[in-house]
Amino acid sequence: MDKFCLYCNHPIKGRADKKFCDDNCRNIYNNQQNSDTTNLMRNINNALRRNRRILFELNPDGKTKISKSKLIEKGFQFSYHTGTKTTKTGTTCFFCYDYGYQPLENDAFLLLSSKDKE
């Protein structure tokens with residue numbers, strides 16, 4: 001029984017469990033499988049990464065109070081986050097992966113780091 005490369009469909013020689021004819025075919029196949037398949041997914045993932053990077057840069061001490069205008073100036077998009085947590089006081093914190101923010105009064109936000117999420 002002949003086996004064929006999953007990427008280029010050429011016959012495979014070698015081990016019985018081999019799936020690709022060479023490293024190049026394996027890399028191209030796996031990159032295609034793991035890539036963002038649509039522009040929408042790519043744009044959302046980019047926005048989430050940008051939001052996390054902004055929170056990381058503006059929060060060197062683990063907890064920082066900052067204005068909404070400063071976040072917007074950096075390009076932060078409030079509609080994109082990866083999770084939420086409700087505190088004991090009923091306030092909702094929004095997280096972009098391991099960095100988050102909590103809305104305060106007067107368009108201010110408390111920036112949080114991952115250790116504060118738990």
# chains A, B, ... in the order shown; residues from 1 in each chain; ligands from 1

$ select_by_dssp --residues "chain A" --states "strand (DSSP E)" --output "PyMOL selection string"
chain A and resi 3-4+11-12+63-67+83-86+92-96+99-103+108-112

$ closest_atom_pairs --of "segment 19-63 of chain A" --to "segment 67-86 of chain A" --cutoff "7 Å" --atoms "only C-alpha atoms" --output "CSV"
residue,atom,partner,partner_atom,distance
A:Ala47,CA,A:Tyr80,CA,6.9
A:Leu48,CA,A:Tyr80,CA,6.1
A:Asn51,CA,A:Phe76,CA,5.4
A:Ile54,CA,A:Phe76,CA,6.9

$ select_by_dssp --residues "segment 30-114 of chain A" --states "alpha helix (DSSP H)" --output "PyMOL selection string"
chain A and resi 30-34+39-58+68-74+114

$ residues_around --residues "Tyr29 of chain A" --least-positions-apart "5" --cutoff "10 Å" --atoms "only C-alpha atoms" --output "list in words"
Cys5, Leu6, Tyr7, Cys8, Phe20, Asp23, Asn24 and Asn34 of chain A

$ atom_distance --atom1 "atom CA of Asp2 of chain A" --atom2 "atom CA of Cys25 of chain A"
17.7 Å

$ atom_distance --atom1 "atom CA of Leu111 of chain A" --atom2 "atom CA of Gly62 of chain A"
7.5 Å
